[in-house]
Amino acid sequence: MTHQKDYWAIDQFLTTALGRQAYKITLPCAMPKALMMMAASFIYCKVSCSDIAAVNTLETWGFHLIETNVRLQRPIVPSRSKGDFTIRTAVMSDEEEVVALAARVFSCSRFHVDPQFTNEQANGIKASWIRNFFKGQRGDTLLLVEEGSSIIGFILLLVQNEDVVIDLLGVASTHRRKGAASQMIDAAMASFHDRRRIIVGTQLCNTTSLSAYEKSGFRISGADYVFHYHGAMQS
Ligand SMILES: CC(C)(COP(=O)(O)OP(=O)(O)OC[C@H]1O[C@@H](n2cnc3c(N)ncnc32)[C@H](O)[C@@H]1OP(=O)(O)O)[C@@H](O)C(=O)NCCC(=O)NCCS
């Protein structure tokens, strides 16, 4: 994220992935008219669900509510659970298989549910996101779950001081409900047993992932509304 002003920043990752200028704004701020008047710009803003004044402001400016992002966390404790899957750290030669998997497993992200983005664009964002791990631009560890010679799931992790963040988690639709996600979360905690907490954000409408995190011992710690604004070009 490149900071330009106190209240807005260019999101370089999204700008590249979408092929149009993408900005993040932070309230409180004056109406970002210059950004809003730019053709084909995309602006997003996250506000606490308790900040109704900010919600009213964004609605007045013409931003659209896209999703409610739920934050969850749990303490890290090394797990003794054993699963059936093989879990290993990603290597460079995994790149294309993991990118292809990331491009097809998500359906609830804010890009997937925003009707202004095509499914292809939304899938492309997730593919670019995980590709950035292989470019050394995002994430500290990528764990993969394998069945036979196929990669059927991944968990991308970031370390932020005492916290480990689940940045992306996905399991192939053909292999769900077999414990792969739970086993990857356990493996993540085992890898980072020296850290304090593991945290994640997911969509309120993503009941499957909420159930998976609850099953793995996560508890809700907060929630944000996510708003999008699409500039003059409405696709
Ligand atoms: C969310 C996701 C990663 C779960 O992966 P998974 O390997 O199927 O999960 P697990 O098999 O480990 O399931 C763990 C628990 O989650 C819950 N769960 C998982 N899928 C569920 C479903 N379809 N309905 C209800 N509960 C479900 C259950 O409590 C399950 O435990 P149980 O099977 O013993 O009852 C997978 O559905 C997925 O890839 N979804 C799309 C990508 C995504 O949304 N990722 C999360 C973004 S933050």
# chains A, B, ... in the order shown; residues from 1 in each chain; ligands from 1

$ select_by_dssp --residues "range 2-198 of chain A" --states "strand (DSSP E)" --output "VMD selection string"
chain A and resid 2 to 3 8 to 10 22 to 25 42 to 48 64 to 75 86 to 89 141 to 147 150 to 160 163 to 171 197 to 198

$ write_last_selection --atoms "C-alpha atoms" --output "PDB file, in the first residue's frame"
ATOM      1  CA  THR A   2       1.477   3.362  -1.052  1.00  0.00           C
ATOM      2  CA  HIS A   3       0.402   6.155   1.279  1.00  0.00           C
ATOM      3  CA  TRP A   8      -6.200   7.624   1.291  1.00  0.00           C
ATOM      4  CA  ALA A   9      -3.657   5.321  -0.249  1.00  0.00           C
ATOM      5  CA  ILE A  10      -3.168   3.670  -3.592  1.00  0.00           C
ATOM      6  CA  ALA A  22      -7.638   1.231  -6.720  1.00  0.00           C
ATOM      7  CA  TYR A  23      -7.650   3.293  -3.537  1.00  0.00           C
ATOM      8  CA  LYS A  24      -8.276   2.633   0.115  1.00  0.00           C
ATOM      9  CA  ILE A  25      -9.710   5.488   2.179  1.00  0.00           C
ATOM     10  CA  PHE A  42     -12.204   1.866  -7.535  1.00  0.00           C
ATOM     11  CA  ILE A  43     -12.300   2.990  -3.904  1.00  0.00           C
ATOM     12  CA  TYR A  44     -12.917   0.879  -0.829  1.00  0.00           C
ATOM     13  CA  CYS A  45     -13.343   1.608   2.838  1.00  0.00           C
ATOM     14  CA  LYS A  46     -13.702  -0.559   5.925  1.00  0.00           C
ATOM     15  CA  VAL A  47     -15.502   0.792   8.990  1.00  0.00           C
ATOM     16  CA  SER A  48     -16.343  -0.756  12.320  1.00  0.00           C
ATOM     17  CA  HIS A  64     -22.202   0.587  -1.577  1.00  0.00           C
ATOM     18  CA  LEU A  65     -22.156  -1.893   1.286  1.00  0.00           C
ATOM     19  CA  ILE A  66     -20.552  -5.059  -0.072  1.00  0.00           C
ATOM     20  CA  GLU A  67     -19.860  -7.303   2.859  1.00  0.00           C
ATOM     21  CA  THR A  68     -19.497  -7.634   6.600  1.00  0.00           C
ATOM     22  CA  ASN A  69     -16.043  -8.858   7.491  1.00  0.00           C
ATOM     23  CA  VAL A  70     -15.889 -10.861  10.693  1.00  0.00           C
ATOM     24  CA  ARG A  71     -12.612 -10.967  12.628  1.00  0.00           C
ATOM     25  CA  LEU A  72     -11.858 -14.133  14.576  1.00  0.00           C
ATOM     26  CA  GLN A  73      -8.982 -15.198  16.772  1.00  0.00           C
ATOM     27  CA  ARG A  74      -7.755 -17.935  19.049  1.00  0.00           C
ATOM     28  CA  PRO A  75      -4.666 -18.511  21.191  1.00  0.00           C
ATOM     29  CA  THR A  86       0.029 -34.789   4.003  1.00  0.00           C
ATOM     30  CA  ILE A  87       0.868 -31.169   4.774  1.00  0.00           C
ATOM     31  CA  ARG A  88       4.047 -29.547   3.530  1.00  0.00           C
ATOM     32  CA  THR A  89       5.586 -26.173   2.847  1.00  0.00           C
ATOM     33  CA  THR A 141       4.641 -19.273   4.937  1.00  0.00           C
ATOM     34  CA  LEU A 142       2.463 -21.178   2.511  1.00  0.00           C
ATOM     35  CA  LEU A 143       1.391 -24.628   3.638  1.00  0.00           C
ATOM     36  CA  LEU A 144      -0.163 -27.060   1.207  1.00  0.00           C
ATOM     37  CA  VAL A 145      -2.289 -30.123   1.701  1.00  0.00           C
ATOM     38  CA  GLU A 146      -1.810 -32.964  -0.733  1.00  0.00           C
ATOM     39  CA  GLU A 147      -3.719 -36.036  -1.696  1.00  0.00           C
ATOM     40  CA  SER A 150      -2.369 -33.346  -6.208  1.00  0.00           C
ATOM     41  CA  ILE A 151      -2.468 -30.152  -4.183  1.00  0.00           C
ATOM     42  CA  ILE A 152      -5.990 -29.879  -2.783  1.00  0.00           C
ATOM     43  CA  GLY A 153      -5.659 -27.021  -0.302  1.00  0.00           C
ATOM     44  CA  PHE A 154      -3.516 -24.144   0.903  1.00  0.00           C
ATOM     45  CA  ILE A 155      -3.114 -21.797   3.827  1.00  0.00           C
ATOM     46  CA  LEU A 156      -1.132 -18.577   3.421  1.00  0.00           C
ATOM     47  CA  LEU A 157       0.204 -17.142   6.676  1.00  0.00           C
ATOM     48  CA  LEU A 158       1.611 -13.755   7.671  1.00  0.00           C
ATOM     49  CA  VAL A 159       3.467 -13.064  10.887  1.00  0.00           C
ATOM     50  CA  GLN A 160       2.654  -9.733  12.558  1.00  0.00           C
ATOM     51  CA  ASP A 163       0.159 -12.735  15.822  1.00  0.00           C
ATOM     52  CA  VAL A 164      -0.089 -15.111  12.891  1.00  0.00           C
ATOM     53  CA  VAL A 165      -2.649 -14.047  10.286  1.00  0.00           C
ATOM     54  CA  ILE A 166      -4.452 -16.501   8.021  1.00  0.00           C
ATOM     55  CA  ASP A 167      -4.265 -14.488   4.818  1.00  0.00           C
ATOM     56  CA  LEU A 168      -5.860 -17.038   2.488  1.00  0.00           C
ATOM     57  CA  LEU A 169      -7.335 -20.469   3.114  1.00  0.00           C
ATOM     58  CA  GLY A 170      -8.893 -22.690   0.518  1.00  0.00           C
ATOM     59  CA  VAL A 171      -9.695 -26.329  -0.157  1.00  0.00           C
ATOM     60  CA  ARG A 197      -2.544 -15.671  18.621  1.00  0.00           C
ATOM     61  CA  ILE A 198      -3.811 -16.777  15.238  1.00  0.00           C
TER      62      ILE A 198
END

$ closest_atom_pairs --of "chain A" --to "ligand 1" --cutoff "10 Å" --atoms "only C-alpha atoms and all ligand atoms" --output "Markdown table"
| residue | atom | partner | partner_atom_place_in_ligand_line | distance |
| --- | --- | --- | --- | --- |
| A:Asn69 | CA | ligand 1 | 48 (S) | 9.5 |
| A:Val70 | CA | ligand 1 | 48 (S) | 9.5 |
| A:Arg71 | CA | ligand 1 | 48 (S) | 9.8 |
| A:Gly83 | CA | ligand 1 | 12 (O) | 9.8 |
| A:Leu101 | CA | ligand 1 | 39 (O) | 9.9 |
| A:Ala102 | CA | ligand 1 | 42 (C) | 8.6 |
| A:Arg104 | CA | ligand 1 | 41 (C) | 8.9 |
| A:Val105 | CA | ligand 1 | 41 (C) | 5.2 |
| A:Phe106 | CA | ligand 1 | 42 (C) | 4.5 |
| A:Ser107 | CA | ligand 1 | 41 (C) | 6.6 |
| A:Cys108 | CA | ligand 1 | 44 (O) | 6.1 |
| A:Ser109 | CA | ligand 1 | 44 (O) | 7.4 |
| A:Val145 | CA | ligand 1 | 7 (O) | 9.7 |
| A:Ile152 | CA | ligand 1 | 7 (O) | 9.1 |
| A:Gly153 | CA | ligand 1 | 39 (O) | 7.4 |
| A:Phe154 | CA | ligand 1 | 3 (C) | 8.6 |
| A:Ile155 | CA | ligand 1 | 3 (C) | 8.7 |
| A:Ile166 | CA | ligand 1 | 48 (S) | 7.8 |
| A:Asp167 | CA | ligand 1 | 48 (S) | 7.6 |
| A:Leu168 | CA | ligand 1 | 47 (C) | 6.1 |
| A:Leu169 | CA | ligand 1 | 45 (N) | 4.9 |
| A:Gly170 | CA | ligand 1 | 39 (O) | 3.5 |
| A:Val171 | CA | ligand 1 | 39 (O) | 3.7 |
| A:Ala172 | CA | ligand 1 | 39 (O) | 6.1 |
| A:Ser173 | CA | ligand 1 | 39 (O) | 6.7 |
| A:Thr174 | CA | ligand 1 | 8 (O) | 9.1 |
| A:His175 | CA | ligand 1 | 8 (O) | 6.7 |
| A:Arg176 | CA | ligand 1 | 8 (O) | 3.3 |
| A:Arg177 | CA | ligand 1 | 11 (O) | 3.2 |
| A:Lys178 | CA | ligand 1 | 11 (O) | 4.1 |
| A:Gly179 | CA | ligand 1 | 11 (O) | 3.3 |
| A:Ala180 | CA | ligand 1 | 7 (O) | 3.9 |
| A:Ala181 | CA | ligand 1 | 12 (O) | 3.8 |
| A:Ser182 | CA | ligand 1 | 12 (O) | 3.8 |
| A:Gln183 | CA | ligand 1 | 12 (O) | 6.5 |
| A:Met184 | CA | ligand 1 | 12 (O) | 8.1 |
| A:Ile185 | CA | ligand 1 | 12 (O) | 8.5 |
| A:Val200 | CA | ligand 1 | 48 (S) | 7.0 |
| A:Gly201 | CA | ligand 1 | 48 (S) | 6.0 |
| A:Thr202 | CA | ligand 1 | 48 (S) | 4.3 |
| A:Gln203 | CA | ligand 1 | 48 (S) | 7.0 |
| A:Cys205 | CA | ligand 1 | 44 (O) | 9.7 |
| A:Asn206 | CA | ligand 1 | 44 (O) | 6.3 |
| A:Thr207 | CA | ligand 1 | 25 (C) | 7.2 |
| A:Thr208 | CA | ligand 1 | 21 (C) | 4.6 |
| A:Ser209 | CA | ligand 1 | 1 (C) | 3.7 |
| A:Leu210 | CA | ligand 1 | 1 (C) | 7.4 |
| A:Ser211 | CA | ligand 1 | 17 (C) | 4.4 |
| A:Ala212 | CA | ligand 1 | 16 (O) | 3.0 |
| A:Tyr213 | CA | ligand 1 | 16 (O) | 6.7 |
| A:Glu214 | CA | ligand 1 | 29 (O) | 7.2 |
| A:Lys215 | CA | ligand 1 | 29 (O) | 5.1 |
| A:Ser216 | CA | ligand 1 | 14 (C) | 7.2 |

$ write_last_selection --atoms "C-alpha atoms" --output "PDB file, in the first residue's frame"
ATOM      1  CA  ASN A  69     -16.043  -8.858   7.491  1.00  0.00           C
ATOM      2  CA  VAL A  70     -15.889 -10.861  10.693  1.00  0.00           C
ATOM      3  CA  ARG A  71     -12.612 -10.967  12.628  1.00  0.00           C
ATOM      4  CA  GLY A  83      -5.059 -35.948  10.207  1.00  0.00           C
ATOM      5  CA  LEU A 101      -6.469 -23.776  -7.341  1.00  0.00           C
ATOM      6  CA  ALA A 102      -6.737 -20.283  -5.806  1.00  0.00           C
ATOM      7  CA  ARG A 104     -11.299 -21.550  -8.531  1.00  0.00           C
ATOM      8  CA  VAL A 105     -11.981 -22.099  -4.817  1.00  0.00           C
ATOM      9  CA  PHE A 106     -13.352 -18.727  -3.692  1.00  0.00           C
ATOM     10  CA  SER A 107     -16.909 -17.507  -4.137  1.00  0.00           C
ATOM     11  CA  CYS A 108     -17.691 -15.285  -1.133  1.00  0.00           C
ATOM     12  CA  SER A 109     -14.926 -12.650  -1.234  1.00  0.00           C
ATOM     13  CA  VAL A 145      -2.289 -30.123   1.701  1.00  0.00           C
ATOM     14  CA  ILE A 152      -5.990 -29.879  -2.783  1.00  0.00           C
ATOM     15  CA  GLY A 153      -5.659 -27.021  -0.302  1.00  0.00           C
ATOM     16  CA  PHE A 154      -3.516 -24.144   0.903  1.00  0.00           C
ATOM     17  CA  ILE A 155      -3.114 -21.797   3.827  1.00  0.00           C
ATOM     18  CA  ILE A 166      -4.452 -16.501   8.021  1.00  0.00           C
ATOM     19  CA  ASP A 167      -4.265 -14.488   4.818  1.00  0.00           C
ATOM     20  CA  LEU A 168      -5.860 -17.038   2.488  1.00  0.00           C
ATOM     21  CA  LEU A 169      -7.335 -20.469   3.114  1.00  0.00           C
ATOM     22  CA  GLY A 170      -8.893 -22.690   0.518  1.00  0.00           C
ATOM     23  CA  VAL A 171      -9.695 -26.329  -0.157  1.00  0.00           C
ATOM     24  CA  ALA A 172     -10.711 -27.792  -3.538  1.00  0.00           C
ATOM     25  CA  SER A 173     -14.482 -28.235  -3.735  1.00  0.00           C
ATOM     26  CA  THR A 174     -13.966 -31.939  -4.455  1.00  0.00           C
ATOM     27  CA  HIS A 175     -12.146 -32.457  -1.144  1.00  0.00           C
ATOM     28  CA  ARG A 176     -14.152 -30.461   1.377  1.00  0.00           C
ATOM     29  CA  ARG A 177     -15.566 -31.623   4.685  1.00  0.00           C
ATOM     30  CA  LYS A 178     -12.753 -34.164   5.115  1.00  0.00           C
ATOM     31  CA  GLY A 179     -10.778 -32.198   7.692  1.00  0.00           C
ATOM     32  CA  ALA A 180      -8.224 -30.582   5.359  1.00  0.00           C
ATOM     33  CA  ALA A 181      -8.794 -27.020   6.589  1.00  0.00           C
ATOM     34  CA  SER A 182      -8.758 -28.096  10.246  1.00  0.00           C
ATOM     35  CA  GLN A 183      -5.516 -29.984   9.686  1.00  0.00           C
ATOM     36  CA  MET A 184      -3.908 -26.982   7.953  1.00  0.00           C
ATOM     37  CA  ILE A 185      -4.897 -24.687  10.835  1.00  0.00           C
ATOM     38  CA  VAL A 200      -8.370 -14.309  10.487  1.00  0.00           C
ATOM     39  CA  GLY A 201     -11.066 -12.316   8.733  1.00  0.00           C
ATOM     40  CA  THR A 202     -13.916 -13.847   6.787  1.00  0.00           C
ATOM     41  CA  GLN A 203     -17.266 -12.849   5.357  1.00  0.00           C
ATOM     42  CA  CYS A 205     -22.186 -14.691   4.533  1.00  0.00           C
ATOM     43  CA  ASN A 206     -19.428 -17.333   4.338  1.00  0.00           C
ATOM     44  CA  THR A 207     -21.113 -19.653   6.814  1.00  0.00           C
ATOM     45  CA  THR A 208     -18.912 -22.565   5.772  1.00  0.00           C
ATOM     46  CA  SER A 209     -15.682 -20.801   6.697  1.00  0.00           C
ATOM     47  CA  LEU A 210     -17.221 -19.391   9.888  1.00  0.00           C
ATOM     48  CA  SER A 211     -18.180 -22.937  10.890  1.00  0.00           C
ATOM     49  CA  ALA A 212     -14.686 -24.193  10.066  1.00  0.00           C
ATOM     50  CA  TYR A 213     -13.022 -21.491  12.186  1.00  0.00           C
ATOM     51  CA  GLU A 214     -15.444 -22.103  15.063  1.00  0.00           C
ATOM     52  CA  LYS A 215     -14.704 -25.827  14.854  1.00  0.00           C
ATOM     53  CA  SER A 216     -10.982 -24.965  15.112  1.00  0.00           C
TER      54      SER A 216
END

$ select_by_dssp --residues "range 61-136 of chain A" --states "helix (DSSP H, G or I)" --output "VMD selection string"
chain A and resid 61 92 to 105 110 to 113 119 to 134

$ write_last_selection --atoms "C-alpha atoms" --output "short mmCIF file (atom, residue, chain, number, x, y, z; two decimals), in the first residue's frame"
data_model
loop_
_atom_site.label_atom_id
_atom_site.label_comp_id
_atom_site.auth_asym_id
_atom_site.auth_seq_id
_atom_site.Cartn_x
_atom_site.Cartn_y
_atom_site.Cartn_z
CA TRP A 61 -21.22 9.70 -0.81
CA MET A 92 8.64 -22.76 -6.23
CA SER A 93 7.57 -25.59 -8.53
CA ASP A 94 4.10 -25.57 -6.88
CA GLU A 95 3.33 -22.10 -8.22
CA GLU A 96 1.11 -22.85 -11.21
CA GLU A 97 -0.90 -25.61 -9.49
CA VAL A 98 -1.55 -23.45 -6.41
CA VAL A 99 -2.41 -20.37 -8.49
CA ALA A 100 -4.90 -22.43 -10.54
CA LEU A 101 -6.47 -23.78 -7.34
CA ALA A 102 -6.74 -20.28 -5.81
CA ALA A 103 -8.44 -19.08 -8.98
CA ARG A 104 -11.30 -21.55 -8.53
CA VAL A 105 -11.98 -22.10 -4.82
CA ARG A 110 -15.88 -8.99 -1.55
CA PHE A 111 -14.78 -9.12 -5.17
CA HIS A 112 -16.92 -12.16 -5.90
CA VAL A 113 -20.05 -10.68 -4.34
CA ASN A 119 -16.21 -13.63 -11.67
CA GLU A 120 -13.10 -13.73 -13.83
CA GLN A 121 -11.78 -10.54 -12.21
CA ALA A 122 -12.57 -11.83 -8.72
CA ASN A 123 -10.85 -15.15 -9.40
CA GLY A 124 -7.92 -13.28 -10.94
CA ILE A 125 -7.44 -11.24 -7.75
CA LYS A 126 -7.16 -14.42 -5.67
CA ALA A 127 -4.79 -15.97 -8.21
CA SER A 128 -2.56 -12.85 -8.19
CA TRP A 129 -2.71 -12.74 -4.40
CA ILE A 130 -1.25 -16.22 -3.97
CA ARG A 131 1.16 -15.73 -6.87
CA ASN A 132 2.63 -12.85 -4.91
CA PHE A 133 3.82 -15.39 -2.32
CA PHE A 134 5.93 -17.08 -4.99
#

$ residues_around --residues "Val77 in chain A" --least-positions-apart "4" --cutoff "10 Å" --atoms "only C-alpha atoms" --output "list in words"
Asp186, Met189, Ala190, Phe192, His193, Asp194, Arg195, Arg196, Arg197 and Ile198 of chain A

$ atom_distance --atom1 "CA of Met36 in chain A" --atom2 "CA of Gly231 in chain A"
5.6 Å

$ residues_around --residues "Pro28 in chain A" --least-positions-apart "2" --cutoff "9 Å" --atoms "only C-alpha atoms" --output "compact mmCIF listing (two decimals) with N, CA and C atoms, in the first residue's frame"
# COMPACT_ATOMS: atom_id res chain seq x y z
N TYR A 7 -5.52 10.04 4.68
CA TYR A 7 -6.79 9.33 4.64
C TYR A 7 -6.99 8.48 3.38
N THR A 26 -9.63 5.98 4.52
CA THR A 26 -9.84 5.75 5.94
C THR A 26 -10.62 6.93 6.51
N ALA A 30 -12.53 14.17 4.65
CA ALA A 30 -13.43 14.92 3.79
C ALA A 30 -13.77 14.04 2.59
N ALA A 54 -20.03 6.75 10.35
CA ALA A 54 -19.20 6.50 9.16
C ALA A 54 -20.02 5.80 8.08

$ atom_distance --atom1 "CA of Gln21 in chain A" --atom2 "CA of Asn56 in chain A"
24.8 Å

$ atom_distance --atom1 "CA of Tyr229 in chain A" --atom2 "CA of Asp51 in chain A"
18.6 Å

$ residues_around --residues "Ser50 in chain A" --least-positions-apart "3" --cutoff "9 Å" --atoms "only C-alpha atoms" --output "JSON, numbers by chain"
{"A": [47, 53, 223, 224]}

$ closest_residue --among "A:Ala90, A:Leu58, A:Ala17, A:Ile220" --to "Met31 in chain A" --atoms "only C-alpha atoms"
A:Leu58
